[in-house]
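File shown: model_25.tsv. Contents: TSV, C-alpha atoms.
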chain	number	residue	atom	x	y	z
A	11	MET	CA	126.21	100.01	103.78
A	12	SER	CA	125.04	99.54	100.21
A	13	TRP	CA	121.42	100.02	99.26
A	14	THR	CA	119.35	100.66	96.14
A	15	GLY	CA	116.47	103.04	95.60
A	16	LEU	CA	113.59	102.11	93.31
A	17	TRP	CA	110.80	104.27	91.93
A	18	LEU	CA	108.22	102.27	90.00
A	19	ILE	CA	105.26	103.82	88.16
A	20	GLY	CA	102.72	102.21	85.88
A	21	PRO	CA	99.08	101.87	84.88
A	22	ILE	CA	96.84	99.48	86.80
A	23	PRO	CA	93.20	98.47	86.22
A	24	ASP	CA	90.80	101.17	87.38
A	25	ALA	CA	88.72	98.67	89.36
A	26	GLU	CA	91.80	97.63	91.31
A	27	ALA	CA	92.76	101.24	91.96
A	28	ARG	CA	89.32	101.90	93.44
A	29	ASP	CA	89.28	98.73	95.53
A	30	LEU	CA	92.81	98.61	96.93
A	31	PRO	CA	92.49	101.31	99.62
A	32	PHE	CA	89.74	99.29	101.28
A	33	ARG	CA	91.37	95.88	100.96
A	34	PHE	CA	93.85	96.43	103.76
A	35	LEU	CA	91.74	98.35	106.24
A	36	HIS	CA	92.09	95.45	108.68
A	37	LEU	CA	95.81	96.27	108.91
A	38	TRP	CA	95.28	99.92	109.69
A	39	GLU	CA	96.31	101.01	113.15
A	40	PRO	CA	94.74	104.10	114.78
A	41	GLY	CA	97.12	107.03	114.80
A	42	THR	CA	99.21	105.79	111.87
A	43	GLY	CA	99.26	106.39	108.13
A	44	GLY	CA	98.54	110.12	108.11
A	45	PRO	CA	101.00	113.01	107.83
A	46	SER	CA	102.96	113.45	111.03
A	47	ARG	CA	103.67	116.75	112.74
A	48	ASP	CA	107.37	116.24	111.99
A	49	LEU	CA	106.56	115.89	108.29
A	50	GLY	CA	104.58	119.12	108.36
A	51	ASP	CA	107.47	120.92	110.05
A	52	SER	CA	109.91	119.52	107.49
A	53	LEU	CA	107.72	120.57	104.57
A	54	ARG	CA	107.63	124.12	105.95
A	55	TRP	CA	111.42	124.03	106.31
A	56	TRP	CA	111.72	122.90	102.69
A	57	ALA	CA	109.33	125.60	101.48
A	58	GLU	CA	111.45	128.26	103.17
A	59	GLY	CA	114.55	126.97	101.37
A	60	GLY	CA	117.06	128.76	103.55
A	61	GLU	CA	119.77	126.08	103.66
A	62	PRO	CA	121.76	124.82	100.65
A	63	MET	CA	121.47	121.06	100.25
A	64	LEU	CA	124.39	120.68	97.86
A	65	GLU	CA	127.72	122.48	97.61
A	66	HIS	CA	130.42	122.47	94.94
A	67	ASP	CA	134.07	122.40	95.94
A	68	SER	CA	136.94	124.11	94.16
A	69	GLY	CA	137.43	121.06	91.96
A	70	GLY	CA	133.84	121.13	90.73
A	71	ARG	CA	132.74	118.11	92.75
A	72	VAL	CA	129.34	118.29	94.41
A	73	HIS	CA	128.77	117.33	98.03
A	74	ALA	CA	125.68	116.84	100.18
A	75	THR	CA	125.19	119.03	103.26
A	76	ARG	CA	123.28	118.24	106.44
A	77	ALA	CA	120.30	119.93	104.82
A	78	ALA	CA	120.40	117.26	102.10
A	79	GLU	CA	120.30	114.57	104.77
A	80	ARG	CA	117.28	116.26	106.34
A	81	PHE	CA	115.57	116.47	102.94
A	82	ALA	CA	116.19	112.79	102.22
A	83	ALA	CA	114.71	111.96	105.62
A	84	LEU	CA	111.71	114.18	104.81
A	85	VAL	CA	110.96	112.20	101.66
A	86	ARG	CA	111.33	108.89	103.52
A	87	SER	CA	108.91	110.08	106.20
A	88	ALA	CA	106.33	110.81	103.49
A	89	HIS	CA	106.29	107.08	102.67
A	90	PRO	CA	105.19	105.46	105.96
A	91	GLU	CA	106.16	101.84	106.50
A	92	THR	CA	103.07	100.80	108.43
A	93	PRO	CA	101.66	97.29	107.83
A	94	ALA	CA	98.75	98.71	105.82
A	95	ALA	CA	101.00	100.93	103.69
A	96	GLU	CA	103.46	98.13	102.99
A	97	ALA	CA	100.69	95.71	102.05
A	98	LEU	CA	99.24	98.33	99.70
A	99	ARG	CA	102.63	98.94	98.09
A	100	GLU	CA	103.19	95.22	97.58
A	101	ALA	CA	99.78	94.87	95.90
A	102	CYS	CA	100.51	97.88	93.67
A	103	LEU	CA	103.93	96.44	92.79
A	104	ASN	CA	102.36	93.19	91.66
A	105	LEU	CA	99.71	94.96	89.59
A	106	VAL	CA	102.23	97.25	87.88
A	107	GLU	CA	104.49	94.33	87.05
A	108	GLN	CA	101.55	92.30	85.72
A	109	ALA	CA	100.57	95.17	83.43
A	110	GLY	CA	103.91	94.78	81.68
A	111	THR	CA	104.35	98.48	80.89
A	112	HIS	CA	105.97	100.61	83.54
A	113	PHE	CA	108.66	103.11	84.37
A	114	ALA	CA	111.37	101.97	86.75
A	115	ALA	CA	114.18	104.16	88.04
A	116	VAL	CA	116.86	102.28	89.98
A	117	LEU	CA	119.74	104.09	91.68
A	118	ARG	CA	122.48	102.74	93.91
A	119	LYS	CA	122.63	104.62	97.25
A	120	ALA	CA	120.09	107.21	96.10
A	121	ASP	CA	116.31	107.52	95.92
A	122	PRO	CA	115.05	108.49	92.45
A	123	ALA	CA	111.94	110.32	93.67
A	124	THR	CA	114.04	112.33	96.10
A	125	ALA	CA	116.36	113.38	93.28
A	126	LEU	CA	113.45	114.61	91.17
A	127	CYS	CA	111.75	116.41	94.07
A	128	TYR	CA	114.99	118.17	94.97
A	129	ALA	CA	115.51	119.32	91.39
A	130	LEU	CA	111.91	120.49	90.94
A	131	GLY	CA	111.73	122.37	94.22
A	132	HIS	CA	108.98	122.52	96.83
A	133	ASP	CA	106.19	124.23	94.88
A	134	ALA	CA	106.52	122.15	91.72
A	135	ALA	CA	107.12	118.80	93.45
A	136	LEU	CA	103.97	119.14	95.54
A	137	GLN	CA	101.89	119.56	92.38
A	138	LEU	CA	102.66	115.96	91.42
A	139	PRO	CA	100.07	113.35	92.45
A	140	GLY	CA	100.34	111.64	95.81
A	141	MET	CA	103.11	112.47	98.24
A	142	LEU	CA	106.67	112.80	96.92
A	143	GLY	CA	106.62	109.75	94.67
A	144	ASP	CA	104.03	107.48	96.30
A	145	PHE	CA	100.53	107.51	94.81
A	146	LEU	CA	97.53	105.38	93.94
A	147	LEU	CA	95.12	106.94	91.45
A	148	THR	CA	91.83	105.87	89.95
A	149	ALA	CA	91.29	106.55	86.26
A	150	GLN	CA	89.40	109.75	87.10
A	151	GLU	CA	92.17	110.88	89.44
A	152	VAL	CA	94.73	110.24	86.70
A	153	ARG	CA	92.78	112.51	84.35
A	154	ASP	CA	92.38	115.14	87.07
A	155	SER	CA	96.06	115.14	88.01
A	156	LEU	CA	97.53	115.03	84.51
A	157	PRO	CA	97.37	118.80	83.73
A	158	ALA	CA	99.40	119.67	86.83
A	159	ALA	CA	101.87	116.87	86.13
A	160	GLU	CA	102.34	118.16	82.60
A	161	ARG	CA	102.99	121.69	83.87
A	162	VAL	CA	105.65	120.37	86.24
A	163	LEU	CA	107.33	117.71	84.10
A	164	ASP	CA	106.81	118.66	80.44
A	165	LEU	CA	109.66	121.17	80.42
A	166	SER	CA	111.80	122.80	77.79
A	167	GLY	CA	114.56	125.33	77.48
A	168	ARG	CA	116.24	126.82	80.52
A	169	ARG	CA	113.86	125.30	83.08
A	170	ARG	CA	114.40	121.78	81.74
A	171	ALA	CA	118.16	122.27	81.78
A	172	GLU	CA	118.03	123.51	85.40
A	173	VAL	CA	115.99	120.54	86.58
A	174	LEU	CA	118.16	118.04	84.74
A	175	ALA	CA	121.26	119.61	86.29
A	176	GLY	CA	119.64	119.40	89.73
A	177	ILE	CA	118.91	115.70	89.28
A	178	THR	CA	122.46	115.03	88.13
A	179	ASP	CA	123.94	116.95	91.07
A	180	TRP	CA	121.76	115.16	93.62
A	181	ILE	CA	122.72	111.73	92.30
A	182	ALA	CA	126.41	112.68	92.16
A	183	ALA	CA	126.37	113.98	95.74
A	184	THR	CA	124.29	111.30	97.40
A	185	GLY	CA	124.40	108.21	95.21
A	186	ASP	CA	126.63	105.94	93.20
A	187	ALA	CA	125.10	105.84	89.74
A	188	PRO	CA	127.48	107.52	87.28
A	189	GLY	CA	126.09	107.99	83.82
A	190	TYR	CA	122.42	107.84	84.80
A	191	ASP	CA	120.29	109.78	82.32
A	192	PRO	CA	118.43	112.46	84.36
A	193	ALA	CA	115.87	112.94	81.59
A	194	GLU	CA	114.37	109.59	82.54
A	195	LEU	CA	113.19	111.04	85.86
A	196	LEU	CA	111.36	113.82	84.04
A	197	ASP	CA	109.99	111.94	81.07
A	198	GLY	CA	109.26	108.48	82.50
A	199	PRO	CA	106.64	109.38	85.13
A	200	LEU	CA	104.80	111.68	82.75
A	201	ARG	CA	104.85	109.02	80.04
A	202	MET	CA	103.12	106.57	82.40
A	203	LEU	CA	100.48	109.07	83.53
A	204	ARG	CA	99.69	109.93	79.92
A	205	LEU	CA	99.43	106.24	79.05
A	206	ALA	CA	97.06	105.60	81.94
A	207	ALA	CA	94.90	108.59	80.94
A	208	ALA	CA	94.78	107.48	77.31
A	209	THR	CA	93.74	103.92	78.20
A	210	GLY	CA	91.29	104.70	81.00
A	211	ALA	CA	93.48	103.03	83.60
A	212	GLY	CA	94.39	103.93	87.11
A	213	ALA	CA	98.02	104.42	88.08
A	214	ALA	CA	100.35	103.57	90.94
A	215	GLY	CA	103.69	104.96	91.97
A	216	LEU	CA	105.77	103.49	94.75
A	217	CYS	CA	109.15	104.11	96.29
A	218	ARG	CA	111.14	101.28	97.81
A	219	THR	CA	114.66	100.65	99.04
A	220	TYR	CA	116.55	97.36	98.95
Can you turn what I pasted into structure tokens?
Amino acid sequence: MSWTGLWLIGPIPDAEARDLPFRFLHLWEPGTGGPSRDLGDSLRWWAEGGEPMLEHDSGGRVHATRAAERFAALVRSAHPETPAAEALREACLNLVEQAGTHFAAVLRKADPATALCYALGHDAALQLPGMLGDFLLTAQEVRDSLPAAERVLDLSGRRRAEVLAGITDWIAATGDAPGYDPAELLDGPLRMLRLAAATGAGAAGLCRTY
């Protein structure tokens, strides 16, 4: 089955960022929307890092292991598809598109945020705002989160090369997007957060599959 992963990030008006979490409270269902026990267990598994997610064969081709499948499921579980969450994502999508300036990563058969989180590793990925690609930040939260995002994404030298190689390997093993520039997944999100901070805007990031 063919599918496409989208990661969209962009500035939104600060007033909207402050109001949106309350706009869909009527759709919230008790017991939903928060981190599940399974997610907590999976995050601990990821932190321990005992299983290789990708393997290279003798011909240099990279393949996903069962651990990669578990990691992809972990990231999906961090983006709940409850009615309230979906309504919030749709509102954020509209606001980001209306703003006219955004970062969009589109990959066939692969999720862009998952690729970046894999390449960064547990400790670095969890320093990014929100939860593994999904976030809604007020202007103040953008300013507060920017230093950590810069530490994680504004890379050079050996560390940058390692992360870019990890992104490329993940896409090659799990997706169908030859030639995708992995630098976009490092530079694009940070560019949007810096723009939002410079203009006093909030910011939204959302992951979707089609």
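Among the candidates A:Leu103, A:Ile177, A:Ala158, A:Ala25, the residue lying nearest to A:Leu136 is A:Ala158 (atoms considered: all atoms listed in the file).
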With distances taken over all atoms listed in the file, which of A:Ala135, A:Leu195, A:Leu142, A:Cys217 is nearest to A:Ile181?
A:Leu195
Residue among A:Gly167, A:Pro21, A:Pro90, A:Pro139 lying closest to A:Ala206, counting only C-alpha atoms
A:Pro21
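In this structure, atom CA of A:Gly176 sits 26.4 Å away from atom CA of A:Leu205.
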Where does stretch 91-186 of chain A meet stretch 83-86 of chain A within 12 Å, residue by residue, with the nearest atom pair and distance in Å to one decimal for each, counting only C-alpha atoms, listed by chain and rising number, as CSV?
residue,atom,partner,partner_atom,distance
A:Glu91,CA,A:Arg86,CA,9.2
A:Ala120,CA,A:Arg86,CA,11.6
A:Asp121,CA,A:Val85,CA,9.1
A:Pro122,CA,A:Val85,CA,10.7
A:Ala123,CA,A:Val85,CA,8.3
A:Thr124,CA,A:Val85,CA,6.4
A:Ala125,CA,A:Val85,CA,10.0
A:Leu126,CA,A:Val85,CA,11.0
A:Cys127,CA,A:Val85,CA,8.7
A:Tyr128,CA,A:Val85,CA,9.8
A:His132,CA,A:Val85,CA,11.6
A:Ala135,CA,A:Val85,CA,11.2
A:Leu136,CA,A:Val85,CA,11.6
A:Met141,CA,A:Val85,CA,8.6
A:Leu142,CA,A:Val85,CA,6.4
A:Gly143,CA,A:Val85,CA,8.6
A:Asp144,CA,A:Val85,CA,10.0
Closest to A:Val162 among A:Leu49, A:Ala134, A:Ala88, A:Ala214, using all atoms listed in the file?
A:Ala134
From (105.3, 96.7, 91.2), in the file's coordinates, out to 10 Å: which residues are reached, counting only C-alpha atoms? Answer as a ChimeraX atom specification.
/A:17-20,22,99-110,112-114,214-218
